[in-house]
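Structure, as structure tokens:
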Amino acid sequence: MSRTSFRTKLAAVAATGVMALGTGVLAATPAEAATYCPSGYACIYWGTTADSGIRDMWRNAGAYKIYGYEGNHLVKNNQTDGWKIWLCRYSNGTNCDYAVWPGPALVLNMTPFNSVSIEP
């Protein structure tokens, strides 16, 4: 009966974990995972296309601060039950003057907005 050292067993377990992780990473590329706005969510992308990846996404009602959005960004309202995304000029979800309804994604100038308000 052969005796395997603790170091050898530990190395084998670590190598197996790395191989499993590598397989999982190859199964779904980061670009694929970042371009899909799931049902029930509101999403804002890094750029003007879905290929740019999701920068922020929200599921629940409420006001959410957004900072550093300059220029045009793709906005997708994939909320259910007719919920809307209000784009707001103040950081606390007030002074909201643009609503994005569920439907096709829109390219919008996000520069003047500092928060979003998700509401039914």
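Identifiers in this document derive from the order of the structure tokens: chains are assigned A, B, ..., residues are numbered from 1 separately in each chain, and ligands are numbered from 1 in order of occurrence.
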
- Nearby residues (only C-alpha atoms) at most 12 Å from A:Asn95, same-chain spacing under 4 positions excluded, as number ranges by chain: A: 63, 86-91, 99, 112-117

- Show which residues sit within 8 Å of A:Ala61, as a ChimeraX atom specification. Count only C-alpha atoms, and ignore same-chain residues fewer than 6 positions away. /A:117-120

- Give me the residues within 12 Å of stretch 34-44 of chain A as a PyMOL selection string, counting only C-alpha atoms and dropping any in the same chain fewer than 2 places off. chain A and resi 28-32+46-62+64+66-67+69+72-87+99-110+115-120

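Here the DSSP assignment of strand (DSSP E or B), based on backbone atoms, applies within stretch 48-95 of chain A to Ile54, Arg55, Asp56, Met57, Trp58, Gly62, Ala63, Tyr64, Lys65, Asn72, His73, Leu74, Val75, Lys76, Asn77, Lys84, Ile85, Trp86, Leu87 and Cys88 of chain A.
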